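The next block holds one structure in the form of structure tokens; read it before the comments.
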Amino acid sequence: MAAILALWRRADFVPAKSLLLAVMVAAVALVAGLAQTSVGHSLLQGAGLYDQPASYTSLAFANPQSLPTQFSRSATSVHVSFTISNASTNSRTYQWSIVFDRAGRTYRLAAGTARVPAEGHVTVSRTVRASCSSGQARMTIGLAAPAESIHFLAACSP
């Protein structure tokens, strides 16, 4: 190493400095390119320098402002629209359901599956019928796996 540094300092050794610099740049470019491959990821992960990106699912109402604030005594159509987002590197199929809770009783109003691409999202829209005559009612949208849910409450008209 000391010999390389001594050569580096000599003014008449400019071509060797350029060659050494070019070799160093090429080595850095090669390592950076290798790090972008799956083999490189494995090597970096083994060295503790790389983690797999976090993956998660999110569930949200697509139009929360359109959700009803009140249910009537007679069965009324309710439009429910929700978005499933898949923040992972693989596509996933989700099982979903819409459940209505009123007066201590639970009613399954709709269910289905949605295939969501990797790093993508899908909006599911359904029209269901619901009614209640007193107190409050809750409508819940749930996913089976991962177990996630969202809900809204609405007053029941007497």
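Letters A, B, ... go to the chains of the structure tokens in the order shown; residues in each chain start at 1; ligands are counted from 1 in the same order.
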Problem set entry | Near-stretch 149-156 of chain A list (9 Å; only C-alpha atoms; drop same-chain fewer than 4 positions) as a PyMOL selection string | chain A and resi 59-61+67-73+131-144
With N, CA and C atoms retained, write the just-selected residues as a compact mmCIF listing (two decimals), in the first residue's frame.
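See part.txt below for the written result:
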```txt
# COMPACT_ATOMS: atom_id res chain seq x y z
N LEU A 59 -56.57 -0.68 4.20
CA LEU A 59 -57.98 -0.73 3.85
C LEU A 59 -58.57 0.63 4.19
N ALA A 60 -59.32 1.23 3.26
CA ALA A 60 -59.89 2.56 3.49
C ALA A 60 -61.18 2.71 2.69
N PHE A 61 -62.07 3.55 3.20
CA PHE A 61 -63.26 3.89 2.43
C PHE A 61 -62.84 4.74 1.24
N LEU A 67 -70.83 8.10 2.79
CA LEU A 67 -71.43 7.11 3.68
C LEU A 67 -72.64 7.72 4.39
N PRO A 68 -73.68 6.93 4.61
CA PRO A 68 -74.88 7.48 5.27
C PRO A 68 -74.62 7.79 6.75
N THR A 69 -75.33 8.77 7.24
CA THR A 69 -75.27 9.11 8.66
C THR A 69 -76.48 8.57 9.40
N GLN A 70 -77.44 8.06 8.61
CA GLN A 70 -78.67 7.54 9.21
C GLN A 70 -79.22 6.40 8.35
N PHE A 71 -79.74 5.37 9.03
CA PHE A 71 -80.42 4.27 8.36
C PHE A 71 -81.91 4.41 8.65
N SER A 72 -82.73 4.08 7.67
CA SER A 72 -84.17 4.19 7.87
C SER A 72 -84.75 2.87 8.38
N ARG A 73 -86.00 2.93 8.79
CA ARG A 73 -86.70 1.76 9.32
C ARG A 73 -86.91 0.72 8.22
N SER A 131 -81.35 -1.73 7.24
CA SER A 131 -82.38 -0.95 7.93
C SER A 131 -82.21 -1.13 9.43
N CYS A 132 -82.72 -0.17 10.18
CA CYS A 132 -82.77 -0.28 11.64
C CYS A 132 -83.76 0.76 12.17
N SER A 133 -84.30 0.49 13.36
CA SER A 133 -85.37 1.36 13.85
C SER A 133 -85.04 2.11 15.13
N SER A 134 -83.96 1.77 15.81
CA SER A 134 -83.64 2.53 17.02
C SER A 134 -82.15 2.38 17.36
N GLY A 135 -81.62 3.38 18.04
CA GLY A 135 -80.22 3.35 18.46
C GLY A 135 -79.26 3.66 17.32
N GLN A 136 -78.18 2.92 17.31
CA GLN A 136 -77.14 3.07 16.28
C GLN A 136 -76.89 1.74 15.62
N ALA A 137 -76.36 1.80 14.42
CA ALA A 137 -75.94 0.59 13.70
C ALA A 137 -74.52 0.81 13.19
N ARG A 138 -73.82 -0.29 13.03
CA ARG A 138 -72.44 -0.24 12.55
C ARG A 138 -72.32 -1.09 11.30
N MET A 139 -71.67 -0.54 10.28
CA MET A 139 -71.36 -1.30 9.08
C MET A 139 -69.84 -1.47 9.05
N THR A 140 -69.40 -2.72 8.95
CA THR A 140 -67.97 -3.04 9.01
C THR A 140 -67.55 -3.71 7.71
N ILE A 141 -66.43 -3.24 7.17
CA ILE A 141 -65.78 -3.89 6.02
C ILE A 141 -64.55 -4.57 6.59
N GLY A 142 -64.42 -5.85 6.34
CA GLY A 142 -63.30 -6.58 6.92
C GLY A 142 -62.56 -7.44 5.91
N LEU A 143 -61.30 -7.64 6.17
CA LEU A 143 -60.48 -8.57 5.40
C LEU A 143 -60.20 -9.77 6.28
N ALA A 144 -60.19 -10.97 5.67
CA ALA A 144 -59.93 -12.18 6.44
C ALA A 144 -58.45 -12.30 6.82
```
Problem set entry | Distance query A:Asn86 at most 12 Å, only C-alpha atoms, self and fewer than 3 positions along chain excluded, as a ChimeraX atom specification | /A:54-60,83,89-94,114-123,146
Please write the residues from the selection above to a file, keeping N, CA and C atoms, as a CSV table (one decimal), in the first residue's frame.
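Final file, again_16.csv:
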```
chain,number,residue,atom,x,y,z
A,54,ALA,N,-40.6,-3.3,3.6
A,54,ALA,CA,-41.7,-3.7,4.4
A,54,ALA,C,-42.9,-4.0,3.5
A,55,SER,N,-43.7,-4.9,3.9
A,55,SER,CA,-45.0,-5.2,3.1
A,55,SER,C,-46.1,-5.1,4.1
A,56,TYR,N,-47.2,-4.5,3.6
A,56,TYR,CA,-48.4,-4.4,4.4
A,56,TYR,C,-49.6,-4.2,3.5
A,57,THR,N,-50.8,-4.3,4.1
A,57,THR,CA,-52.0,-4.1,3.5
A,57,THR,C,-52.8,-2.9,4.1
A,58,SER,N,-53.4,-2.1,3.4
A,58,SER,CA,-54.2,-1.0,4.0
A,58,SER,C,-55.6,-1.1,3.4
A,59,LEU,N,-56.6,-0.7,4.2
A,59,LEU,CA,-58.0,-0.7,3.9
A,59,LEU,C,-58.6,0.6,4.2
A,60,ALA,N,-59.3,1.2,3.3
A,60,ALA,CA,-59.9,2.6,3.5
A,60,ALA,C,-61.2,2.7,2.7
A,83,THR,N,-61.2,0.7,-0.7
A,83,THR,CA,-60.0,0.4,-1.4
A,83,THR,C,-59.1,-0.5,-0.6
A,89,THR,N,-44.2,-6.9,-2.7
A,89,THR,CA,-43.7,-7.2,-4.0
A,89,THR,C,-44.4,-8.3,-4.7
A,90,ASN,N,-45.4,-8.9,-4.1
A,90,ASN,CA,-46.2,-9.9,-4.8
A,90,ASN,C,-47.7,-9.6,-4.8
A,91,SER,N,-48.4,-10.0,-5.9
A,91,SER,CA,-49.8,-9.8,-5.9
A,91,SER,C,-50.4,-10.7,-4.8
A,92,ARG,N,-51.6,-10.2,-4.4
A,92,ARG,CA,-52.3,-11.0,-3.3
A,92,ARG,C,-53.8,-11.0,-3.6
A,93,THR,N,-54.5,-12.1,-3.1
A,93,THR,CA,-55.9,-12.2,-3.2
A,93,THR,C,-56.4,-12.0,-1.8
A,94,TYR,N,-57.4,-11.1,-1.6
A,94,TYR,CA,-58.0,-10.8,-0.3
A,94,TYR,C,-59.4,-11.3,-0.3
A,114,ALA,N,-60.8,-10.1,-3.9
A,114,ALA,CA,-60.2,-9.1,-4.7
A,114,ALA,C,-58.8,-9.4,-4.9
A,115,ARG,N,-58.3,-9.5,-6.2
A,115,ARG,CA,-56.9,-9.7,-6.5
A,115,ARG,C,-56.3,-8.4,-6.6
A,116,VAL,N,-55.2,-8.1,-5.8
A,116,VAL,CA,-54.6,-6.8,-5.9
A,116,VAL,C,-53.1,-7.0,-6.3
A,117,PRO,N,-52.7,-6.3,-7.4
A,117,PRO,CA,-51.3,-6.5,-7.9
A,117,PRO,C,-50.3,-6.0,-6.8
A,118,ALA,N,-49.1,-6.4,-7.0
A,118,ALA,CA,-48.0,-5.9,-6.2
A,118,ALA,C,-47.9,-4.4,-6.3
A,119,GLU,N,-47.7,-3.7,-5.2
A,119,GLU,CA,-47.6,-2.3,-5.1
A,119,GLU,C,-48.8,-1.6,-5.7
A,120,GLY,N,-50.0,-2.2,-5.7
A,120,GLY,CA,-51.2,-1.7,-6.3
A,120,GLY,C,-52.3,-1.6,-5.4
A,121,HIS,N,-53.5,-1.2,-5.9
A,121,HIS,CA,-54.7,-1.1,-5.1
A,121,HIS,C,-55.9,-1.4,-6.0
A,122,VAL,N,-57.0,-1.8,-5.4
A,122,VAL,CA,-58.2,-2.2,-6.0
A,122,VAL,C,-59.3,-1.5,-5.2
A,123,THR,N,-60.3,-0.9,-5.9
A,123,THR,CA,-61.5,-0.4,-5.3
A,123,THR,C,-62.7,-1.3,-5.5
A,146,PRO,N,-54.7,-10.3,5.8
A,146,PRO,CA,-54.5,-10.1,7.2
A,146,PRO,C,-55.9,-9.5,7.8
```
Seminar exercise, completed: The residue from A:Val78, A:Gln95, A:Ser85, A:Val39 with the smallest atom-to-atom distance to A:Leu109, counting only C-alpha atoms, is A:Val78
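Across the structure, atom CA of A:Gly112 and atom CA of A:Phe100 are spaced 15.6 Å apart.
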Exercise. Atom CA of A:Arg129 and atom CA of A:Ser77 are how many Å apart?
Worked result: 4.5 Å
Exercise. So which bits of stretch 58-151 of chain A end up strand (DSSP E) when you DSSP the backbone, as a PyMOL selection string?
Worked result: chain A and resi 58-61+70-71+76-87+92-102+105-116+120-130+136-143+148-151
For this session: Name the residues in contact with A:Val80 at a cut-off of 7 Å, using only C-alpha atoms, excluding same-chain residues fewer than 6 positions from it; report them as JSON, numbers by chain.
Result: {"A": [125, 126, 127]}
Requested write-out: C-alpha atoms of the selected residues, as a PDB file, in the first residue's frame:
```pdb
ATOM      1  CA  SER A 125     -67.978  -1.118  -4.761  1.00  0.00           C
ATOM      2  CA  ARG A 126     -71.132  -2.833  -3.570  1.00  0.00           C
ATOM      3  CA  THR A 127     -74.708  -1.787  -2.950  1.00  0.00           C
TER       4      THR A 127
END
```
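Atom pair atom CA of A:Arg102 / atom CA of A:Asn63: separated by 22.8 Å.
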